[in-house]
Each structure stands twice: as structure tokens, then as C-alpha cells.
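Data first, discussion second: the structure below is written as C-alpha cells.
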Amino acid sequence: MYVYLYDDFLRQKKYDLLVKAMETRLTDFGIAGKIIRLQNFTNAKAVIDDEINRGAKTIVIVGNDRTFGNVLSRAATCGILFGFLPVGPDNSIAEVLGIPVGEKACDILAQRRKIKLDTGWFNNRYFVSRLHILPSKITIEYDEKFKVSTNYKSELIICNLQPFSWKGEKQEYMIHPQDGKLEAFLLPITKKSLFGKYKYEEPSVFPFEEMIVSAKTPFVVDADGKISKETKIKIRLAKKRVEMIVGKERKF
């Protein structure tokens, strides 16, 4: 049985025709199912656990990058197959997974090409795509071997699924979300320009399995679109992987 988790933004009238077309195509494929509309306060894990108890076999996230992150930040290790139907803008994760935006995504879902993806964990939350620490004076310890402290602000980006692109180079650092490692990119800031933009040194790149990031003052953490303020976090590779339906044209 399929269960579809619709983001609340899909209630907007401009998505009516597309959503109806997708639902018709899913019916044609014989994979239509129960629809649950998510709200800001929805506990995705509780909803999914309940649907698993009712016999669900596949949970399909319908929305954009934010929807993807909101669901999997709590439910990544629910032990069920996930699908993704991307709708609208802000769908960079779909491109990595090889899933076209809109109606054609139904074809990918019907083909059920399944793989298992590494999952990141920090402070009792999960992330599948990336974790971003905004400019802060931070101390980093990783794999119980190395320690890096900065006397000036730095950004830290932990990538698992999405590629990392550095503005000083044309190429992207492609990440393989099945290699049993997370990749960290540390970007030291040299100075701030008159227009408020930061200038960066070349990034340092290192794979790791466990990392502790701390600071004397709170820093902002953006994990798959969920934002919080922390003074210390432990980041590691989760023990369980998330099983996901992907397209043939995925980027890994």
C-alpha cells in the first residue's frame, strides 16, 4: 500500500492541475494510495509509524527540498521504502536522485528502482542531503584524531547527498551517499566586503564518520532545511540507511 505525504503548499490553486494530473497517472499505474496533508506541526515519524502499522509498504513525499528534509529529519530510519514526487521550484535534491519535477516523476515511482542511502545524524535528528553551519567561530573535532579551531569565522558544510560547489571553481564536488562516510567542507572567511558579502579561503575537504562542533556562542545549523541554534553538536553517520526509489539518471 502506498501512502502519499502532501506538503501544505500544494493547496495553492496554481498546483491544482498538476496534482490532479499526477494523481491520474498514479491511478493508471495502479499505485494510487492514501493521501495525508502535512502541516507545520505534523510529526512525520508518528504519522509514518502509524501507517506502517496499518499496512503501508511505501511512503511517498510530495513537495520540494523542504518537504523532503522535514519528513526525513525525523523519519529517515522508519524502516520503510520512500519515494519522492517533486513539485514546484526548490527541487535540487530531485535532480541528484534522478527524478524529474512534475508528472514524469510518477514514471520513476512506478519503476521502483530501489537503493539504500547513507543517513547523517546530529542531536537526535537525521539529515539525508546536507548540514550547513553558518559563519561562526567554531572548534571541530573529528574521528577522535583531529582538531581544528578557527580564530575567525568559518562556514562548515557536511554533504551526504547533494554535491558541494565552490564559487571559485566551475566543477562540483560530487558526493556518493553510499560510501559509508560523510564529507565535510570547511570554508574559512578572510574578511567581509563593504557590501556585506564574505570572502573565503579555498575550502578544506575531509571525509569523516563522527564529528563534534562546538563554540562559545550559539551558531546556526541548517539541516535539510530545518534550522536551529546550537553551542555543541555531534554529527555522525547513522547506523541505518534510508531506502529510496530513484531514477536511472541519478548523479551517483
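So you can find residues: chains in the C-alpha cells are A, B, ... in the order shown, residues in each start at 1, and ligands are numbered from 1 in order.
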Need the shell around range 227-241 of chain A: protein/DNA/RNA residues with any atom at most 9 Å away, counting only C-alpha atoms. Skip same-chain ones fewer than 3 positions apart. Format as a ChimeraX atom specification? /A:76-77,79,116-123,126,178,180-182,208-224
For the residues in the current selection, export C-alpha atoms as a CSV table (one decimal), in the first residue's frame.
chain,number,residue,atom,x,y,z
A,76,ALA,CA,14.7,8.5,7.9
A,77,THR,CA,15.1,5.3,9.8
A,79,GLY,CA,12.3,1.0,8.1
A,116,LYS,CA,19.9,2.4,0.1
A,117,LEU,CA,21.4,5.8,1.1
A,118,ASP,CA,23.7,6.8,4.0
A,119,THR,CA,22.0,9.0,6.6
A,120,GLY,CA,23.6,11.6,8.8
A,121,TRP,CA,22.6,12.1,12.4
A,122,PHE,CA,23.1,15.0,14.8
A,123,ASN,CA,21.5,15.8,18.2
A,126,TYR,CA,18.6,13.0,10.8
A,178,GLN,CA,26.6,5.1,-0.2
A,180,GLY,CA,29.9,4.9,4.4
A,181,LYS,CA,31.3,8.4,5.0
A,182,LEU,CA,30.1,12.0,5.3
A,208,PHE,CA,34.7,11.5,8.4
A,209,GLU,CA,32.4,9.2,10.4
A,210,GLU,CA,32.0,11.3,13.6
A,211,MET,CA,32.5,15.0,14.3
A,212,ILE,CA,31.9,17.3,17.3
A,213,VAL,CA,31.4,21.0,16.5
A,214,SER,CA,31.4,23.5,19.4
A,215,ALA,CA,31.5,27.2,20.0
A,216,LYS,CA,31.4,29.7,22.9
A,217,THR,CA,28.4,31.4,21.4
A,218,PRO,CA,25.4,29.8,19.6
A,219,PHE,CA,25.8,29.0,15.9
A,220,VAL,CA,23.1,28.5,13.3
A,221,VAL,CA,22.6,25.0,11.9
A,222,ASP,CA,20.6,24.3,8.8
A,223,ALA,CA,20.0,20.5,8.3
A,224,ASP,CA,17.9,19.7,5.2
For Thr42 in chain A: contacts at 12 Å, only C-alpha atoms, fewer than 6 positions along chain excluded, given as an NGL selection string: :A and (5-8 or 36 or 48 or 67 or 70-71 or 74-75)
Residue selection dump (C-alpha atoms) as a compact mmCIF listing (two decimals), in the first residue's frame:
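Heads up, here's the output in again-v2.txt:
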# COMPACT_ATOMS: atom_id res chain seq x y z
CA LEU A 5 2.51 12.83 2.21
CA TYR A 6 1.49 16.13 0.58
CA ASP A 7 3.17 19.36 1.62
CA ASP A 8 0.71 22.04 2.67
CA ILE A 36 -2.12 12.73 4.08
CA ILE A 48 4.58 7.06 9.22
CA THR A 67 9.32 18.79 2.35
CA ASN A 70 11.09 17.94 7.06
CA VAL A 71 9.92 14.34 6.65
CA ARG A 74 12.59 12.56 11.87
CA ALA A 75 11.57 9.53 9.84
| Close residues, Ser129 in chain A itself excluded, 7 Å, only C-alpha atoms, min 2 positions apart in chain, as a PyMOL selection string | chain A and resi 127+159-162+224
Would you export the selected residues with C-alpha atoms as a tab-separated table (two decimals), in the first residue's frame, please?
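Everything below was put into selection_22.tsv:
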chain	number	residue	atom	x	y	z
A	127	PHE	CA	19.67	14.56	7.57
A	159	CYS	CA	27.42	16.80	2.46
A	160	ASN	CA	25.82	13.40	2.07
A	161	LEU	CA	23.57	13.55	-0.98
A	162	GLN	CA	23.80	16.97	-2.60
A	224	ASP	CA	17.92	19.74	5.22
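In this model, the gap between CA of Lys34 in chain A and CA of Glu243 in chain A comes to 20.1 Å.
Checking A:Ile80, A:Glu201, A:Lys137, A:Cys106 one by one against Ile52 in chain A, counting only C-alpha atoms, you find the shortest gap at A:Ile80.
If you measure from each of A:Ser154, A:Asp179, A:Tyr15, A:Ala105 to Pro203 in chain A using only C-alpha atoms, the closest one turns out to be A:Ser154.
Here CA of Leu85 in chain A stands at a distance of 15.9 Å from CA of Gly30 in chain A.
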Excluding Phe82 in chain A and any residue of its chain fewer than 2 positions from it, enumerate the residues within 7 Å of it, using only C-alpha atoms, and give them as a PyMOL selection string. chain A and resi 58-60+80+84+243-245
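When only C-alpha atoms are used to measure the gap to Tyr142 in chain A, the shortest distance among A:Ala32, A:Ala184, A:Ile189, A:Ile175 belongs to A:Ala184.
With distances restricted to only C-alpha atoms, A:Lys104 is the closest residue to Leu26 in chain A from A:Arg66, A:Arg125, A:Lys104, A:Lys251.
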When DSSP works through the backbone of this structure, what residues of range 116-238 of chain A end up as strand (DSSP E or B), shown as a ChimeraX atom specification?
/A:116-117,120-122,125-127,130-136,139-142,146-149,154-159,164-165,172-173,182-192,198-200,204-208,210-223,226-237
key: DSSP helix (DSSP H, G or I) residues within range 2-131 of chain A, as JSON, numbers by chain   = {"A": [8, 9, 10, 11, 13, 14, 15, 16, 17, 18, 19, 20, 21, 22, 23, 24, 25, 26, 27, 28, 29, 44, 45, 46, 47, 48, 49, 50, 51, 52, 53, 65, 66, 67, 68, 69, 70, 71, 72, 73, 74, 75, 92, 93, 94, 95, 96, 97, 105, 106, 107, 108, 109, 110, 111]}
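Of note, CA of Asp49 in chain A and CA of Lys114 in chain A are spaced 20.6 Å apart.
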Within 10 Å of Leu187 in chain A, counting only C-alpha atoms, which residues qualify if same-chain residues fewer than 4 places away don't, as a VMD selection string?
chain A and resid 135 153 to 157 166 199 to 205
